[in-house]
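Have a look at the structure below before the remarks.
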Amino acid sequence: QQQVKQSPQSLIVQKGGISIINCAYENTAFDYFPWYQQFPGKGPALLIAIRPDVSEKKEGRFTISFNKSAKQFSLHIMDSQPGDSATYFCAATSGSARQLTFGSGTQLTVLP
Amino acid sequence: SQTIHQWPATLVQPVGSPLSLECTVEGTSNPNLYWYRQAAGRGLQLLFYSVGIGQISSEVPQNLSASRPQDRQFILSSKKLLLSDSGFYLCAWTLGSHGYTFGSGTRLTVV
């Protein structure tokens, strides 16, 4: 059972544009929502994260918007750069063992 | 500072051969440890996690097993590899209050 649904599967954006990736979850026990960035052949790296008591978190060009009632959250990348081209995963965690459930990933390509 | 080491980086193994992938964490104590597998072009699937020495939880029944012989060591094993075991294996750790830190991964190809 997929508990975190991510869209789109792929995204092409022009340099300087805004990239938006959306995720929806089902399990209301999730209490931490990170986003990971993965370059080819590398492990995912934590990009930004949010807790459900906050509706928005911004770090530089990256912003998470969180809608608890709709059980949705999204990543916005402002002023997208070719160096942002990577695969992005949303995730959610709960439980004492803090197991992460990942979305299926979005392959972002930023054209120069 | 904390670091995570995972090896080998790449591995080509014949069907039916054994497997042992090792992951170690430095600079922390009693971390939660995880093994994930990523098939080509796909998401990350949790295989095993451990909250302490000798404590292993399996998420997916399969041809693999895991062990945690020491606090900061996590090992993924198989007695006989299958073609379907090919993938990118990632180890990760957390202390619980923050996101995971992933290792650099092992690309396993079973031929």
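Naming scheme: A, B, ... for chains in displayed order of the structure tokens; residues 1 onward per chain; ligands 1 onward as shown.
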
What's around Gln2 in chain B at 8 Å? Count only C-alpha atoms, leave out sequence neighbours fewer than 4 positions away in its own chain, and write the answer as a ChimeraX atom specification.
/B:25-28

Find the spatial neighbours of range 16-23 of chain A, counting only C-alpha atoms, within a cut-off of 8 Å - ignore same-chain residues fewer than 4 positions away - and output them as a list in words.
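Residues meeting the cut-off are Val4, Lys5, Gln6, Ser7, Pro8, Leu11, Gln72, Phe73, Ser74, Leu75, His76, Ile77, Met78, Asp79, Ser80, Gln81, Cys90, Gly103 and Thr106 of chain A.
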
So that I can see what lies close to Ser85 in chain A, please list as a CSV table (one decimal) with all heavy atoms, in the first residue's frame the residues with an atom at most 10 Å from it, counting only C-alpha atoms and leaving out residues fewer than 4 positions away in the same chain.
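Output contents, as saved in part-v3.csv:
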```csv
chain,number,residue,atom,x,y,z
A,11,LEU,N,9.5,16.4,-14.6
A,11,LEU,CA,9.2,17.9,-14.7
A,11,LEU,C,10.3,18.5,-15.4
A,11,LEU,O,11.5,18.3,-15.0
A,11,LEU,CB,9.0,18.4,-13.2
A,11,LEU,CG,8.7,19.9,-13.1
A,11,LEU,CD1,7.3,20.2,-13.7
A,11,LEU,CD2,8.7,20.3,-11.6
A,12,ILE,N,10.0,19.3,-16.4
A,12,ILE,CA,11.0,20.1,-17.1
A,12,ILE,C,10.7,21.6,-16.9
A,12,ILE,O,9.5,22.0,-17.2
A,12,ILE,CB,11.0,19.7,-18.6
A,12,ILE,CG1,11.4,18.2,-18.8
A,12,ILE,CG2,12.0,20.6,-19.4
A,12,ILE,CD1,11.3,17.7,-20.2
A,13,VAL,N,11.7,22.3,-16.5
A,13,VAL,CA,11.5,23.8,-16.2
A,13,VAL,C,12.6,24.6,-16.8
A,13,VAL,O,13.7,24.1,-16.9
A,13,VAL,CB,11.4,24.0,-14.6
A,13,VAL,CG1,11.4,25.4,-14.3
A,13,VAL,CG2,10.3,23.2,-14.0
A,37,GLN,N,16.9,15.2,-2.0
A,37,GLN,CA,17.4,15.4,-3.4
A,37,GLN,C,18.4,14.3,-3.7
A,37,GLN,O,19.3,14.0,-2.8
A,37,GLN,CB,18.1,16.8,-3.4
A,37,GLN,CG,18.6,17.2,-4.7
A,37,GLN,CD,19.4,18.5,-4.6
A,37,GLN,OE1,20.4,18.6,-3.8
A,37,GLN,NE2,19.1,19.5,-5.4
A,38,GLN,N,18.3,13.7,-4.8
A,38,GLN,CA,19.2,12.6,-5.2
A,38,GLN,C,19.8,12.9,-6.6
A,38,GLN,O,19.0,13.0,-7.6
A,38,GLN,CB,18.5,11.3,-5.1
A,38,GLN,CG,19.5,10.1,-5.4
A,38,GLN,CD,18.8,8.8,-5.3
A,38,GLN,OE1,17.6,8.6,-5.6
A,38,GLN,NE2,19.6,7.7,-4.9
A,39,PHE,N,21.1,12.9,-6.7
A,39,PHE,CA,21.8,13.0,-7.9
A,39,PHE,C,22.2,11.5,-8.4
A,39,PHE,O,22.3,10.6,-7.5
A,39,PHE,CB,23.1,13.8,-7.8
A,39,PHE,CG,22.7,15.3,-7.6
A,39,PHE,CD1,22.9,15.8,-6.3
A,39,PHE,CD2,22.3,16.1,-8.6
A,39,PHE,CE1,22.6,17.2,-6.1
A,39,PHE,CE2,22.0,17.4,-8.4
A,39,PHE,CZ,22.1,18.0,-7.1
A,80,SER,N,14.7,28.3,-10.4
A,80,SER,CA,15.3,27.0,-10.6
A,80,SER,C,16.6,27.1,-11.5
A,80,SER,O,16.6,27.9,-12.4
A,80,SER,CB,14.3,26.1,-11.3
A,80,SER,OG,13.2,25.8,-10.5
A,81,GLN,N,17.6,26.4,-11.1
A,81,GLN,CA,18.9,26.4,-11.8
A,81,GLN,C,19.2,25.0,-12.4
A,81,GLN,O,18.8,24.0,-11.9
A,81,GLN,CB,20.0,26.8,-10.8
A,81,GLN,CG,19.8,28.2,-10.2
A,81,GLN,CD,19.8,29.3,-11.3
A,81,GLN,OE1,20.7,29.3,-12.1
A,81,GLN,NE2,18.9,30.2,-11.2
A,107,GLN,N,11.7,13.3,-11.3
A,107,GLN,CA,12.9,13.7,-12.0
A,107,GLN,C,12.8,15.1,-12.5
A,107,GLN,O,12.0,15.3,-13.5
A,107,GLN,CB,13.2,12.7,-13.1
A,107,GLN,CG,14.6,12.9,-13.7
A,107,GLN,CD,15.0,11.8,-14.6
A,107,GLN,OE1,14.3,10.7,-14.7
A,107,GLN,NE2,16.0,12.0,-15.4
A,108,LEU,N,13.5,16.0,-12.0
A,108,LEU,CA,13.5,17.4,-12.4
A,108,LEU,C,14.6,17.7,-13.3
A,108,LEU,O,15.8,17.4,-13.0
A,108,LEU,CB,13.6,18.3,-11.2
A,108,LEU,CG,13.7,19.8,-11.5
A,108,LEU,CD1,12.5,20.4,-12.2
A,108,LEU,CD2,14.0,20.6,-10.2
A,109,THR,N,14.3,18.3,-14.5
A,109,THR,CA,15.3,18.8,-15.4
A,109,THR,C,15.1,20.3,-15.6
A,109,THR,O,14.0,20.8,-15.9
A,109,THR,CB,15.2,18.1,-16.8
A,109,THR,OG1,15.3,16.7,-16.6
A,109,THR,CG2,16.2,18.6,-17.7
A,110,VAL,N,16.1,21.1,-15.3
A,110,VAL,CA,16.1,22.5,-15.5
A,110,VAL,C,16.9,22.8,-16.7
A,110,VAL,O,18.2,22.6,-16.7
A,110,VAL,CB,16.6,23.3,-14.2
A,110,VAL,CG1,16.5,24.8,-14.5
A,110,VAL,CG2,15.8,22.8,-13.0
A,111,LEU,N,16.3,23.4,-17.7
A,111,LEU,CA,17.0,23.7,-19.0
A,111,LEU,C,17.7,25.0,-18.9
A,111,LEU,O,17.2,26.0,-18.3
A,111,LEU,CB,16.0,23.8,-20.1
A,111,LEU,CG,15.2,22.5,-20.3
A,111,LEU,CD1,14.1,22.7,-21.4
A,111,LEU,CD2,16.1,21.3,-20.7
```

Show which residues sit within 8 Å of His5 in chain B, as a PyMOL selection string. Count only C-alpha atoms, and ignore same-chain residues fewer than 2 positions away.
chain B and resi 3+7+23-25+103-104

For Gln38 in chain B: contacts at 8 Å, only C-alpha atoms, fewer than 4 positions along chain excluded, given as JSON, numbers by chain
{"B": [42, 43, 44, 45, 87, 88, 89, 90]}

Residues just named, written with N, CA and C atoms as an mmCIF file, in the first residue's frame:
```
data_model
loop_
_atom_site.group_PDB
_atom_site.id
_atom_site.type_symbol
_atom_site.label_atom_id
_atom_site.label_comp_id
_atom_site.auth_asym_id
_atom_site.auth_seq_id
_atom_site.Cartn_x
_atom_site.Cartn_y
_atom_site.Cartn_z
ATOM 1 N N ARG B 42 13.349 4.099 -9.871
ATOM 2 C CA ARG B 42 12.180 3.969 -9.004
ATOM 3 C C ARG B 42 12.472 4.503 -7.619
ATOM 4 N N GLY B 43 11.470 4.410 -6.753
ATOM 5 C CA GLY B 43 11.586 4.938 -5.400
ATOM 6 C C GLY B 43 12.354 4.027 -4.481
ATOM 7 N N LEU B 44 12.365 4.400 -3.204
ATOM 8 C CA LEU B 44 13.117 3.676 -2.201
ATOM 9 C C LEU B 44 12.204 2.773 -1.390
ATOM 10 N N GLN B 45 12.608 1.531 -1.282
ATOM 11 C CA GLN B 45 11.837 0.534 -0.547
ATOM 12 C C GLN B 45 12.584 0.161 0.727
ATOM 13 N N GLY B 87 20.039 -3.992 -7.733
ATOM 14 C CA GLY B 87 19.507 -2.679 -7.377
ATOM 15 C C GLY B 87 20.551 -1.838 -6.680
ATOM 16 N N PHE B 88 20.111 -0.708 -6.222
ATOM 17 C CA PHE B 88 20.972 0.247 -5.512
ATOM 18 C C PHE B 88 20.588 0.167 -4.038
ATOM 19 N N TYR B 89 21.527 -0.297 -3.212
ATOM 20 C CA TYR B 89 21.251 -0.513 -1.795
ATOM 21 C C TYR B 89 21.808 0.649 -0.982
ATOM 22 N N LEU B 90 20.962 1.183 -0.154
ATOM 23 C CA LEU B 90 21.316 2.364 0.630
ATOM 24 C C LEU B 90 21.141 2.094 2.109
#
```

For Ala70 in chain A, which residue out of A:Gly105, A:Pro40, A:Gly83, A:Pro52 is the nearest one, using only C-alpha atoms?
A:Pro52

Non-local contacts of Gln73 in chain B (9 Å; only C-alpha atoms; under 3 positions in same chain excluded) as number ranges by chain:
B: 22-25, 33, 53, 67-70

Written selection (N, CA, C and O atoms) as a compact mmCIF listing (two decimals), in the first residue's frame:
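Dumped everything to result14.txt:
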```
# COMPACT_ATOMS: atom_id res chain seq x y z
N GLU B 22 28.16 -3.95 4.01
CA GLU B 22 28.40 -3.43 5.35
C GLU B 22 28.20 -1.92 5.41
O GLU B 22 28.52 -1.20 4.47
N CYS B 23 27.68 -1.49 6.52
CA CYS B 23 27.44 -0.07 6.77
C CYS B 23 27.89 0.25 8.19
O CYS B 23 27.55 -0.48 9.13
N THR B 24 28.67 1.31 8.33
CA THR B 24 29.07 1.72 9.67
C THR B 24 28.84 3.22 9.83
O THR B 24 28.96 3.99 8.88
N VAL B 25 28.52 3.60 11.04
CA VAL B 25 28.28 5.00 11.37
C VAL B 25 29.31 5.42 12.41
O VAL B 25 29.60 4.67 13.34
N LEU B 33 19.13 2.40 12.47
CA LEU B 33 19.77 2.08 11.20
C LEU B 33 18.79 1.45 10.24
O LEU B 33 17.88 0.73 10.67
N ILE B 53 21.28 -2.97 19.03
CA ILE B 53 22.09 -4.17 18.74
C ILE B 53 21.21 -5.41 18.80
O ILE B 53 20.46 -5.62 19.76
N SER B 67 21.70 -7.91 9.92
CA SER B 67 22.19 -8.13 11.28
C SER B 67 22.85 -6.85 11.78
O SER B 67 23.32 -6.03 11.00
N ARG B 68 22.85 -6.69 13.08
CA ARG B 68 23.49 -5.55 13.72
C ARG B 68 24.35 -6.08 14.87
O ARG B 68 23.92 -6.12 16.01
N PRO B 69 25.56 -6.50 14.54
CA PRO B 69 26.43 -7.10 15.56
C PRO B 69 27.02 -6.09 16.54
O PRO B 69 27.38 -6.45 17.66
N GLN B 70 27.13 -4.84 16.12
CA GLN B 70 27.65 -3.77 16.98
C GLN B 70 26.74 -2.55 16.86
O GLN B 70 25.95 -2.45 15.91
```

List every residue of chain A that has an atom at most 12 Å from any atom of chain B, giving for each one its closest atom pair and the distance in Å to one decimal, counting only C-alpha atoms, sorted by chain and then by ascending residue number, as CSV.
```
residue,atom,partner,partner_atom,distance
A:Gln1,CA,B:Gln45,CA,11.9
A:Gln2,CA,B:Gln45,CA,10.7
A:Val4,CA,B:Gly43,CA,11.1
A:Lys5,CA,B:Gly43,CA,11.1
A:Gln6,CA,B:Gly43,CA,10.4
A:Gln9,CA,B:Arg42,CA,10.0
A:Ser10,CA,B:Gly41,CA,11.1
A:Asp31,CA,B:Ser97,CA,10.6
A:Tyr32,CA,B:Gly99,CA,8.4
A:Phe33,CA,B:Gly99,CA,8.7
A:Pro34,CA,B:Gly99,CA,6.7
A:Trp35,CA,B:Gly99,CA,9.1
A:Tyr36,CA,B:Gly99,CA,9.4
A:Gln37,CA,B:Phe102,CA,11.2
A:Gln38,CA,B:Phe102,CA,10.4
A:Phe39,CA,B:Ser104,CA,10.7
A:Pro40,CA,B:Gly41,CA,9.9
A:Gly41,CA,B:Gly105,CA,7.8
A:Lys42,CA,B:Ser104,CA,5.4
A:Gly43,CA,B:Ser104,CA,4.7
A:Pro44,CA,B:Phe102,CA,6.2
A:Ala45,CA,B:Phe102,CA,6.8
A:Leu46,CA,B:Gly99,CA,6.8
A:Leu47,CA,B:Gly99,CA,9.5
A:Ile48,CA,B:Gly99,CA,9.1
A:Ala49,CA,B:Gly99,CA,7.7
A:Ile50,CA,B:Gly99,CA,10.2
A:Arg51,CA,B:His98,CA,10.6
A:Ala86,CA,B:Gly41,CA,11.8
A:Thr87,CA,B:Gly41,CA,9.4
A:Tyr88,CA,B:Gly43,CA,9.9
A:Phe89,CA,B:Gly43,CA,7.9
A:Cys90,CA,B:Gly43,CA,10.1
A:Ala91,CA,B:Gly99,CA,9.7
A:Ala92,CA,B:Gly99,CA,9.7
A:Thr93,CA,B:Gly99,CA,9.0
A:Ser94,CA,B:Gly96,CA,9.9
A:Gly95,CA,B:Gly96,CA,9.6
A:Ser96,CA,B:Gly96,CA,7.7
A:Ala97,CA,B:Val51,CA,6.4
A:Arg98,CA,B:Gly96,CA,6.1
A:Gln99,CA,B:Tyr49,CA,7.7
A:Leu100,CA,B:Leu46,CA,7.8
A:Thr101,CA,B:Leu46,CA,7.8
A:Phe102,CA,B:Leu44,CA,6.3
A:Gly103,CA,B:Gly43,CA,6.7
A:Ser104,CA,B:Gly43,CA,4.6
A:Gly105,CA,B:Gly43,CA,5.9
A:Thr106,CA,B:Gly43,CA,9.4
A:Gln107,CA,B:Gly41,CA,9.1
```

Nearby residues (only C-alpha atoms) at most 8 Å from Ser78 in chain B, same-chain spacing under 3 positions excluded, as a ChimeraX atom specification
/B:18-20,63-65,81

With N, CA and C atoms retained, could you export that selection as a CSV table (one decimal), in the first residue's frame?
```
chain,number,residue,atom,x,y,z
B,18,PRO,N,26.7,-15.8,-2.5
B,18,PRO,CA,26.3,-15.0,-1.2
B,18,PRO,C,26.6,-13.5,-1.4
B,19,LEU,N,26.0,-12.8,-0.4
B,19,LEU,CA,26.2,-11.3,-0.4
B,19,LEU,C,26.4,-10.8,1.0
B,20,SER,N,27.3,-9.9,1.1
B,20,SER,CA,27.4,-9.2,2.4
B,20,SER,C,27.8,-7.7,2.1
B,63,ASN,N,14.7,-12.5,-0.1
B,63,ASN,CA,15.8,-13.4,-0.1
B,63,ASN,C,17.0,-12.8,0.7
B,64,LEU,N,16.7,-11.7,1.5
B,64,LEU,CA,17.8,-11.0,2.2
B,64,LEU,C,17.6,-11.1,3.7
B,65,SER,N,18.6,-10.8,4.4
B,65,SER,CA,18.6,-10.8,5.9
B,65,SER,C,19.5,-9.6,6.3
B,81,LEU,N,22.0,-15.2,-4.1
B,81,LEU,CA,21.4,-14.1,-4.8
B,81,LEU,C,20.5,-14.5,-5.9
```

Length of the CA of Asn27 in chain A to CA of Lys57 in chain A vector [Å]
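CA of Lys57 in chain A lies 21.3 Å from CA of Asn27 in chain A.
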
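Pairwise distance (CA of Val12 in chain B, CA of Val60 in chain B) equals 23.1 Å.
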
Gap from CA of Ala29 in chain A to CA of Pro31 in chain B - Å, one decimal:
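Separation between CA of Ala29 in chain A and CA of Pro31 in chain B: 22.0 Å.
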